[in-house]
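Shown next: final_11.cif, given as mmCIF, C-alpha atoms.
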data_entry
#
loop_
_atom_site.group_PDB
_atom_site.id
_atom_site.type_symbol
_atom_site.label_atom_id
_atom_site.label_comp_id
_atom_site.auth_asym_id
_atom_site.auth_seq_id
_atom_site.Cartn_x
_atom_site.Cartn_y
_atom_site.Cartn_z
ATOM 1 C CA MET A 391 7.340 7.252 -16.727
ATOM 2 C CA ARG A 392 8.791 10.622 -15.760
ATOM 3 C CA ILE A 393 7.058 12.974 -13.382
ATOM 4 C CA PRO A 394 6.780 16.502 -14.734
ATOM 5 C CA ILE A 395 8.319 19.180 -12.546
ATOM 6 C CA LEU A 396 6.681 22.574 -12.917
ATOM 7 C CA GLN A 397 8.422 25.795 -12.122
ATOM 8 C CA LEU A 398 6.762 28.868 -10.657
ATOM 9 C CA ASP A 399 9.406 31.517 -10.170
ATOM 10 C CA ARG A 400 11.852 29.854 -7.787
ATOM 11 C CA ILE A 401 9.385 27.310 -6.543
ATOM 12 C CA LEU A 402 9.021 23.838 -7.994
ATOM 13 C CA LEU A 403 5.709 22.000 -8.081
ATOM 14 C CA VAL A 404 5.502 18.271 -8.489
ATOM 15 C CA SER A 405 2.302 16.301 -8.638
ATOM 16 C CA ILE A 406 2.653 12.541 -8.571
ATOM 17 C CA GLN A 407 -0.305 11.415 -10.652
ATOM 18 C CA VAL A 408 0.438 7.759 -11.221
ATOM 19 C CA ASP A 409 1.331 4.732 -9.206
ATOM 20 C CA LEU A 410 5.102 4.724 -9.339
ATOM 21 C CA THR A 411 7.228 1.668 -9.791
ATOM 22 C CA ASP A 412 10.433 1.688 -7.750
ATOM 23 C CA ASN A 413 12.451 2.733 -10.761
ATOM 24 C CA ASP A 414 10.073 5.625 -11.464
ATOM 25 C CA ALA A 415 10.434 6.693 -7.862
ATOM 26 C CA MET A 416 14.229 6.747 -8.029
ATOM 27 C CA GLN A 417 14.095 8.603 -11.325
ATOM 28 C CA PHE A 418 11.765 11.153 -9.766
ATOM 29 C CA GLN A 419 14.096 11.608 -6.833
ATOM 30 C CA SER A 420 17.156 12.320 -8.937
ATOM 31 C CA ASP A 421 15.236 14.500 -11.421
ATOM 32 C CA LEU A 422 13.887 16.657 -8.631
ATOM 33 C CA VAL A 423 17.175 17.020 -6.772
ATOM 34 C CA GLU A 424 18.936 17.969 -9.990
ATOM 35 C CA ARG A 425 16.290 20.508 -10.840
ATOM 36 C CA VAL A 426 16.369 22.063 -7.376
ATOM 37 C CA ALA A 427 20.121 22.514 -7.670
ATOM 38 C CA ALA A 428 19.961 23.780 -11.259
ATOM 39 C CA ILE A 429 17.592 26.655 -10.542
ATOM 40 C CA GLU A 430 18.570 27.031 -6.890
ATOM 41 C CA ALA A 431 14.950 26.589 -5.989
ATOM 42 C CA LEU A 432 13.744 28.171 -2.767
ATOM 43 C CA GLY A 433 10.855 25.829 -2.218
ATOM 44 C CA VAL A 434 9.370 22.582 -3.429
ATOM 45 C CA ALA A 435 5.789 21.359 -3.099
ATOM 46 C CA ILE A 436 5.183 17.663 -3.671
ATOM 47 C CA ASP A 437 1.553 16.761 -4.251
ATOM 48 C CA ILE A 438 0.618 13.122 -3.652
ATOM 49 C CA THR A 439 -3.166 13.416 -3.930
ATOM 50 C CA ALA A 440 -3.266 10.698 -6.570
ATOM 51 C CA LEU A 441 -1.338 8.111 -4.545
ATOM 52 C CA ASP A 442 -3.780 5.655 -3.019
ATOM 53 C CA VAL A 443 -1.032 3.442 -1.630
ATOM 54 C CA VAL A 444 2.067 4.674 0.151
ATOM 55 C CA ASP A 445 3.982 1.685 1.464
ATOM 56 C CA SER A 446 7.097 1.934 3.615
ATOM 57 C CA TYR A 447 9.316 2.040 0.544
ATOM 58 C CA MET A 448 7.424 4.924 -1.034
ATOM 59 C CA ALA A 449 7.305 6.724 2.307
ATOM 60 C CA ARG A 450 11.056 6.426 2.505
ATOM 61 C CA VAL A 451 11.521 7.747 -1.013
ATOM 62 C CA ILE A 452 9.339 10.764 -0.219
ATOM 63 C CA ASN A 453 11.129 11.374 3.075
ATOM 64 C CA ASP A 454 14.570 11.006 1.571
ATOM 65 C CA THR A 455 13.663 13.298 -1.294
ATOM 66 C CA ALA A 456 12.386 15.945 1.120
ATOM 67 C CA ASN A 457 15.588 15.708 3.160
ATOM 68 C CA MET A 458 17.777 15.950 0.059
ATOM 69 C CA VAL A 459 15.904 19.039 -1.079
ATOM 70 C CA ARG A 460 16.376 20.575 2.367
ATOM 71 C CA LEU A 461 20.077 19.795 2.337
ATOM 72 C CA LEU A 462 20.402 21.744 -0.873
ATOM 73 C CA GLY A 463 18.820 24.751 0.789
ATOM 74 C CA ALA A 464 15.180 24.695 -0.268
ATOM 75 C CA GLU A 465 12.021 24.439 1.800
ATOM 76 C CA VAL A 466 9.731 21.509 1.139
ATOM 77 C CA VAL A 467 6.091 20.700 1.820
ATOM 78 C CA ILE A 468 4.227 17.498 0.979
ATOM 79 C CA CYS A 469 0.541 17.907 0.251
ATOM 80 C CA GLY A 470 -2.626 16.012 -0.525
ATOM 81 C CA ILE A 471 -2.081 12.854 1.502
ATOM 82 C CA GLN A 472 -5.305 10.849 1.265
ATOM 83 C CA PRO A 473 -7.056 10.210 4.594
ATOM 84 C CA PHE A 474 -6.792 6.435 4.209
ATOM 85 C CA VAL A 475 -3.156 6.693 3.298
ATOM 86 C CA ALA A 476 -2.547 8.716 6.471
ATOM 87 C CA LEU A 477 -4.440 6.121 8.479
ATOM 88 C CA THR A 478 -2.458 3.242 6.988
ATOM 89 C CA LEU A 479 0.904 4.965 7.402
ATOM 90 C CA ILE A 480 0.307 5.615 11.086
ATOM 91 C CA GLU A 481 -0.989 2.100 11.695
ATOM 92 C CA MET A 482 2.089 0.664 10.046
ATOM 93 C CA GLY A 483 4.444 2.631 12.192
ATOM 94 C CA ARG A 484 5.217 6.061 13.432
ATOM 95 C CA GLY A 485 7.755 8.206 11.728
ATOM 96 C CA LEU A 486 7.270 6.779 8.274
ATOM 97 C CA LEU A 487 6.566 10.192 6.850
ATOM 98 C CA GLY A 488 8.322 13.010 8.630
ATOM 99 C CA ALA A 489 8.166 15.921 6.224
ATOM 100 C CA ASP A 490 5.859 18.896 6.708
ATOM 101 C CA CYS A 491 2.437 18.483 5.159
ATOM 102 C CA ALA A 492 -0.461 20.556 3.878
ATOM 103 C CA PHE A 493 -3.962 19.737 2.674
ATOM 104 C CA ASN A 494 -3.533 20.926 -0.871
ATOM 105 C CA LEU A 495 -1.220 22.612 -3.315
ATOM 106 C CA GLY A 496 -2.589 26.081 -2.556
ATOM 107 C CA GLN A 497 -1.884 25.717 1.127
ATOM 108 C CA ALA A 498 1.522 24.210 0.434
ATOM 109 C CA LEU A 499 2.435 27.229 -1.669
ATOM 110 C CA GLU A 500 1.333 29.594 1.082
ATOM 111 C CA MET A 501 3.467 27.709 3.589
ATOM 112 C CA LEU A 502 6.467 27.786 1.296
ATOM 113 C CA LYS A 503 6.146 31.492 0.596
ATOM 114 C CA GLY A 504 5.770 32.235 4.276
ATOM 115 C CA ARG A 505 8.862 30.295 5.152
ATOM 116 C CA ILE A 506 10.929 31.702 2.363
ATOM 117 C CA ALA A 507 9.971 35.210 3.464
ATOM 118 C CA LYS A 508 10.711 34.345 7.083
ATOM 119 C CA ARG A 509 14.204 33.180 6.406
ATOM 120 C CA GLY A 510 14.782 36.503 4.726
ATOM 121 C CA ASP A 511 15.426 35.202 1.291
ATOM 122 C CA THR A 512 15.233 38.154 -1.015
ATOM 123 C CA ARG A 513 15.835 36.101 -4.104
ATOM 124 C CA PHE A 514 12.217 35.143 -4.268
ATOM 125 C CA VAL A 515 10.238 37.080 -6.838
ATOM 126 C CA GLY A 516 6.646 36.454 -5.875
ATOM 127 C CA ASP A 517 3.435 37.468 -7.570
ATOM 128 C CA GLU A 518 2.774 40.179 -4.998
ATOM 129 C CA ASP A 519 5.242 42.866 -4.058
ATOM 130 C CA VAL A 520 7.101 41.010 -1.347
ATOM 131 C CA MET B 89 -24.043 -12.713 -2.130
ATOM 132 C CA SER B 90 -22.608 -14.295 -5.249
ATOM 133 C CA GLU B 91 -20.454 -17.406 -5.440
ATOM 134 C CA PRO B 92 -16.860 -17.020 -4.255
ATOM 135 C CA LEU B 93 -14.635 -15.962 -7.098
ATOM 136 C CA ASP B 94 -11.809 -18.109 -8.347
ATOM 137 C CA PRO B 95 -8.470 -17.300 -6.778
ATOM 138 C CA GLU B 96 -6.287 -15.084 -8.832
ATOM 139 C CA CYS B 97 -2.616 -15.990 -9.164
ATOM 140 C CA LEU B 98 -0.194 -13.283 -10.097
ATOM 141 C CA PRO B 99 3.512 -13.616 -10.743
ATOM 142 C CA ILE B 100 5.844 -11.282 -8.894
ATOM 143 C CA ARG B 101 8.987 -10.730 -10.868
ATOM 144 C CA SER B 102 9.437 -6.994 -11.113
ATOM 145 C CA THR B 103 8.411 -3.907 -9.205
ATOM 146 C CA LEU B 104 5.730 -3.417 -11.848
ATOM 147 C CA ASP B 105 4.166 -6.676 -10.638
ATOM 148 C CA VAL B 106 4.090 -5.193 -7.138
ATOM 149 C CA VAL B 107 1.824 -2.470 -8.473
ATOM 150 C CA THR B 108 -0.327 -5.009 -10.344
ATOM 151 C CA ALA B 109 -0.691 -7.223 -7.265
ATOM 152 C CA ARG B 110 -1.793 -4.430 -4.971
ATOM 153 C CA HIS B 111 -4.269 -3.204 -7.593
ATOM 154 C CA ALA B 112 -5.777 -6.681 -7.873
ATOM 155 C CA ALA B 113 -6.030 -6.984 -4.088
ATOM 156 C CA ARG B 114 -7.733 -3.623 -3.785
ATOM 157 C CA GLU B 115 -10.153 -4.470 -6.556
ATOM 158 C CA LEU B 116 -11.321 -7.716 -4.986
ATOM 159 C CA CYS B 117 -11.482 -6.027 -1.616
ATOM 160 C CA GLU B 118 -13.802 -3.397 -3.068
ATOM 161 C CA ARG B 119 -15.898 -6.006 -4.856
ATOM 162 C CA LEU B 120 -16.406 -7.890 -1.611
ATOM 163 C CA GLY B 121 -17.752 -4.741 -0.021
ATOM 164 C CA PHE B 122 -14.865 -3.721 2.198
ATOM 165 C CA GLY B 123 -14.565 -0.005 2.886
ATOM 166 C CA LYS B 124 -11.929 2.362 1.622
ATOM 167 C CA ALA B 125 -9.834 2.085 4.760
ATOM 168 C CA ASP B 126 -9.637 -1.704 4.474
ATOM 169 C CA GLN B 127 -8.928 -1.493 0.756
ATOM 170 C CA THR B 128 -5.998 0.786 1.463
ATOM 171 C CA ARG B 129 -4.753 -1.414 4.321
ATOM 172 C CA LEU B 130 -4.808 -4.538 2.203
ATOM 173 C CA ALA B 131 -3.291 -2.882 -0.866
ATOM 174 C CA THR B 132 -0.483 -1.511 1.284
ATOM 175 C CA ALA B 133 0.109 -4.857 3.004
ATOM 176 C CA VAL B 134 0.285 -6.642 -0.355
ATOM 177 C CA SER B 135 2.650 -3.990 -1.614
ATOM 178 C CA GLU B 136 4.991 -4.512 1.347
ATOM 179 C CA LEU B 137 5.001 -8.291 1.032
ATOM 180 C CA ALA B 138 5.382 -8.336 -2.743
ATOM 181 C CA ARG B 139 8.240 -5.906 -2.438
ATOM 182 C CA ASN B 140 9.957 -8.234 0.036
ATOM 183 C CA VAL B 141 9.681 -11.015 -2.538
ATOM 184 C CA ILE B 142 11.478 -8.922 -5.154
ATOM 185 C CA GLN B 143 14.079 -7.741 -2.702
ATOM 186 C CA TYR B 144 14.959 -10.988 -0.970
ATOM 187 C CA ALA B 145 13.936 -13.775 -3.323
ATOM 188 C CA GLY B 146 13.948 -12.167 -6.757
ATOM 189 C CA GLU B 147 10.620 -13.658 -7.730
ATOM 190 C CA GLY B 148 7.557 -15.343 -6.379
ATOM 191 C CA ARG B 149 3.812 -15.284 -6.686
ATOM 192 C CA CYS B 150 0.733 -13.803 -5.146
ATOM 193 C CA LEU B 151 -2.592 -15.582 -4.690
ATOM 194 C CA ILE B 152 -5.645 -13.504 -4.010
ATOM 195 C CA GLU B 153 -8.833 -15.271 -3.035
ATOM 196 C CA ASP B 154 -12.310 -14.718 -1.768
ATOM 197 C CA GLY B 155 -12.696 -16.730 1.435
ATOM 198 C CA SER B 156 -16.172 -15.447 2.311
ATOM 199 C CA ASP B 157 -18.947 -17.622 3.701
ATOM 200 C CA ASP B 158 -22.420 -17.030 5.171
ATOM 201 C CA ARG B 159 -21.118 -15.471 8.326
ATOM 202 C CA GLN B 160 -18.243 -13.350 7.159
ATOM 203 C CA ARG B 161 -16.667 -11.589 4.290
ATOM 204 C CA CYS B 162 -13.050 -12.565 3.901
ATOM 205 C CA ILE B 163 -10.294 -11.740 1.477
ATOM 206 C CA ARG B 164 -7.149 -13.794 1.762
ATOM 207 C CA VAL B 165 -3.830 -13.158 0.074
ATOM 208 C CA ARG B 166 -0.941 -15.584 0.002
ATOM 209 C CA ILE B 167 2.448 -14.424 -1.100
ATOM 210 C CA GLU B 168 5.160 -16.978 -1.554
ATOM 211 C CA ASP B 169 8.649 -17.363 -2.910
ATOM 212 C CA GLN B 170 11.457 -19.873 -3.158
ATOM 213 C CA GLY B 171 14.080 -17.511 -1.845
ATOM 214 C CA PRO B 172 16.632 -17.970 0.933
ATOM 215 C CA GLY B 173 14.000 -17.649 3.651
ATOM 216 C CA ILE B 174 13.986 -15.531 6.766
ATOM 217 C CA ARG B 175 16.661 -16.669 9.185
ATOM 218 C CA ASP B 176 15.164 -15.233 12.337
ATOM 219 C CA LEU B 177 11.406 -14.791 12.130
ATOM 220 C CA GLN B 178 11.125 -13.340 15.602
ATOM 221 C CA GLN B 179 13.600 -10.658 14.703
ATOM 222 C CA ALA B 180 12.043 -9.978 11.304
ATOM 223 C CA LEU B 181 8.756 -9.290 13.042
ATOM 224 C CA THR B 182 10.332 -6.776 15.406
ATOM 225 C CA ASP B 183 9.804 -3.087 14.753
ATOM 226 C CA GLY B 184 12.864 -1.308 13.485
ATOM 227 C CA TYR B 185 14.741 -4.429 12.487
ATOM 228 C CA SER B 186 15.983 -4.598 8.913
ATOM 229 C CA THR B 187 18.677 -6.526 7.088
ATOM 230 C CA SER B 188 18.377 -4.315 4.042
ATOM 231 C CA GLY B 189 18.868 -0.831 5.422
ATOM 232 C CA GLY B 190 15.131 -0.194 5.269
ATOM 233 C CA LEU B 191 13.052 1.363 7.996
ATOM 234 C CA GLY B 192 12.256 -2.041 9.420
ATOM 235 C CA ALA B 193 8.533 -1.283 9.323
ATOM 236 C CA GLY B 194 7.753 -3.834 6.624
ATOM 237 C CA LEU B 195 6.698 -7.067 8.330
ATOM 238 C CA PRO B 196 5.603 -5.766 11.729
ATOM 239 C CA GLY B 197 3.823 -2.866 10.019
ATOM 240 C CA THR B 198 2.077 -5.200 7.618
ATOM 241 C CA ARG B 199 0.960 -7.395 10.469
ATOM 242 C CA ARG B 200 -0.754 -4.430 12.110
ATOM 243 C CA LEU B 201 -2.740 -3.683 8.953
ATOM 244 C CA VAL B 202 -4.525 -7.010 8.623
ATOM 245 C CA ASP B 203 -6.812 -9.244 10.701
ATOM 246 C CA GLU B 204 -4.873 -12.428 10.089
ATOM 247 C CA PHE B 205 -1.180 -12.819 9.547
ATOM 248 C CA GLN B 206 0.682 -16.080 9.165
ATOM 249 C CA ILE B 207 4.239 -16.588 8.118
ATOM 250 C CA GLU B 208 6.198 -19.749 7.434
ATOM 251 C CA SER B 209 9.742 -19.579 6.293
ATOM 252 C CA ALA B 210 12.547 -22.022 5.632
ATOM 253 C CA PRO B 211 15.439 -21.934 3.198
ATOM 254 C CA GLY B 212 13.835 -22.308 -0.230
ATOM 255 C CA SER B 213 10.328 -21.424 0.799
ATOM 256 C CA THR B 214 8.686 -18.443 2.408
ATOM 257 C CA ARG B 215 4.948 -18.070 2.575
ATOM 258 C CA VAL B 216 3.009 -15.227 4.109
ATOM 259 C CA THR B 217 -0.781 -15.378 4.334
ATOM 260 C CA ILE B 218 -2.816 -12.362 5.291
ATOM 261 C CA ALA B 219 -6.548 -11.851 5.514
ATOM 262 C CA LEU B 220 -9.114 -9.178 6.134
ATOM 263 C CA ILE B 221 -12.296 -10.424 7.751
ATOM 264 C CA LYS B 222 -15.627 -8.722 8.385
ATOM 265 C CA ARG B 223 -18.689 -10.250 9.945
ATOM 266 C CA ARG B 224 -21.809 -9.972 7.884
#

Could you render the structure from this file as structure tokens?
Amino acid sequence: MRIPILQLDRILLVSIQVDLTDNDAMQFQSDLVERVAAIEALGVAIDITALDVVDSYMARVINDTANMVRLLGAEVVICGIQPFVALTLIEMGRGLLGADCAFNLGQALEMLKGRIAKRGDTRFVGDEDV
Amino acid sequence: MSEPLDPECLPIRSTLDVVTARHAARELCERLGFGKADQTRLATAVSELARNVIQYAGEGRCLIEDGSDDRQRCIRVRIEDQGPGIRDLQQALTDGYSTSGGLGAGLPGTRRLVDEFQIESAPGSTRVTIALIKRR
């Protein structure tokens, strides 16, 4: 099972729609990192609305992926964490998920665009005249 | 309420079985009338424990049963394996401790998610029993 990675200008959108096995998760991680490097993405939004369980392993995969993407030079926002997933993650232990978060994909995109503009990246070709 | 359901026994041999086990736990949890928060807690706890089985023992099994009676609703999950066992239980239950390079949130984190948590471990046999309990 491969997670589709959508491209919107220099931003990548990923929506995890299925319960991932560990192998799927590792595949996703390397696919995304490769793609970020290939198009020199400026931002990545990872939507996990459909995940109804995020255990410590999955949290680590998401965290690691976000950090890898940042190391390459892109901004990253996680979005759509379910309320009960948030509750469970915090009960299990603090710091399991450290990346920046947004309610939904729309908000994540706004955050990404704002940050990309702020860091003065002129490579971004947005839908408005930036 | 209906009669308690027969326990369900699931093999844990691959990470796909981890997904199956947590689905089964969530399903029974929902059927017994636990709320969404408890369903997520239990599913996550089962996921953590089943993952430990794969990681440390290679394989094992997961028993999910309805332990409800007149006074309380109860879902109990037992996860066991014949792996090397946990050498230092005290340490394994300490936040931040990990022998595998993980975050060390697994066992202590799991314990915080459930109402009952029992663990027995010796070389050749590890058994963790967790339960969610709600008074009627």

query = Exactly which residues make up the result of the PyMOL selection byres ((chain B) within 10 of (chain A)) on this file, given as a PyMOL selection string?
reply = chain B and resi 102-108+110-111+114+124-136+139+183-184+190-201

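The shortest atom-to-atom distance to Leu441 (chain A), with only C-alpha atoms taken into account, belongs to A:Gln407 out of A:Gln407, A:Gln497, A:Asn453, A:Gln419.
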
Just the residues within 12 Å of Ala428 (chain A), please, counting all atoms listed in the file, with nothing from its chain fewer than 5 positions along; format it as a compact mmCIF listing (two decimals) with C-alpha atoms, in the frame of the given file.
# COMPACT_ATOMS: atom_id res chain seq x y z
CA GLN A 397 8.42 25.80 -12.12
CA ARG A 400 11.85 29.85 -7.79
CA LEU A 402 9.02 23.84 -7.99
CA ASP A 421 15.24 14.50 -11.42
CA LEU A 422 13.89 16.66 -8.63
CA VAL A 423 17.18 17.02 -6.77
CA VAL A 459 15.90 19.04 -1.08
CA LEU A 462 20.40 21.74 -0.87

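One finds CA of Ile471 (chain A) at 7.2 Å from CA of Phe493 (chain A).
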
Expand the PyMOL selection byres ((chain B and resi 203) around 6) into the explicit residue set it covers here, and present it as a JSON list (two decimals) with C-alpha atoms, in the coordinates of the input.
[["chain", "number", "residue", "atom", "x", "y", "z"],
["B", 202, "VAL", "CA", -4.53, -7.01, 8.62],
["B", 204, "GLU", "CA", -4.87, -12.43, 10.09],
["B", 219, "ALA", "CA", -6.55, -11.85, 5.51],
["B", 220, "LEU", "CA", -9.11, -9.18, 6.13]]

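As for CA of Arg166 (chain B) and CA of Leu137 (chain B), they are spaced 9.5 Å apart.
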
Starting from the PyMOL selection byres ((chain B and resi 147-156) around 9), expand the selection into actual residues of this file and give them as a compact mmCIF listing (two decimals) with C-alpha atoms, keeping the file's coordinate frame.
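Saved to expr_33.txt:
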# COMPACT_ATOMS: atom_id res chain seq x y z
CA PRO B 92 -16.86 -17.02 -4.26
CA LEU B 93 -14.64 -15.96 -7.10
CA ASP B 94 -11.81 -18.11 -8.35
CA PRO B 95 -8.47 -17.30 -6.78
CA GLU B 96 -6.29 -15.08 -8.83
CA CYS B 97 -2.62 -15.99 -9.16
CA LEU B 98 -0.19 -13.28 -10.10
CA PRO B 99 3.51 -13.62 -10.74
CA ILE B 100 5.84 -11.28 -8.89
CA ARG B 101 8.99 -10.73 -10.87
CA SER B 102 9.44 -6.99 -11.11
CA ALA B 109 -0.69 -7.22 -7.26
CA ALA B 112 -5.78 -6.68 -7.87
CA ALA B 113 -6.03 -6.98 -4.09
CA LEU B 116 -11.32 -7.72 -4.99
CA CYS B 117 -11.48 -6.03 -1.62
CA LEU B 120 -16.41 -7.89 -1.61
CA VAL B 134 0.28 -6.64 -0.36
CA ALA B 138 5.38 -8.34 -2.74
CA VAL B 141 9.68 -11.02 -2.54
CA ILE B 142 11.48 -8.92 -5.15
CA GLN B 143 14.08 -7.74 -2.70
CA TYR B 144 14.96 -10.99 -0.97
CA ALA B 145 13.94 -13.78 -3.32
CA GLY B 146 13.95 -12.17 -6.76
CA ASP B 157 -18.95 -17.62 3.70
CA ASP B 158 -22.42 -17.03 5.17
CA ARG B 159 -21.12 -15.47 8.33
CA GLN B 160 -18.24 -13.35 7.16
CA ARG B 161 -16.67 -11.59 4.29
CA CYS B 162 -13.05 -12.56 3.90
CA ILE B 163 -10.29 -11.74 1.48
CA ARG B 164 -7.15 -13.79 1.76
CA VAL B 165 -3.83 -13.16 0.07
CA ARG B 166 -0.94 -15.58 0.00
CA ILE B 167 2.45 -14.42 -1.10
CA GLU B 168 5.16 -16.98 -1.55
CA ASP B 169 8.65 -17.36 -2.91
CA GLN B 170 11.46 -19.87 -3.16
CA GLY B 171 14.08 -17.51 -1.84
CA ALA B 219 -6.55 -11.85 5.51
CA ILE B 221 -12.30 -10.42 7.75

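CA of Leu502 (chain A) to CA of Ala489 (chain A) spans 13.0 Å [interatomic distance, one decimal].
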
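Among the candidates A:Ile401, A:Ala507, A:Ile395, A:Val467, the one nearest to Ser420 (chain A) when counting only C-alpha atoms is A:Ile395.
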
The centre and edge lengths of an axis-aligned box containing all atoms of region 139-143 of chain B present in the file, extended by 5 Å on each side, are to be given in Å to one decimal, as AutoDock Vina command-line options.
--center_x 11.2 --center_y -8.5 --center_z -2.6 --size_x 15.8 --size_y 15.1 --size_z 15.2

request  = Write out as a ChimeraX atom specification each polymer residue whose atoms come within 10 Å of Asp437 (chain A), counting all atoms listed in the file; drop sequence neighbours fewer than 5 positions from it.
outcome  = /A:403-407,467-471,491-495,498
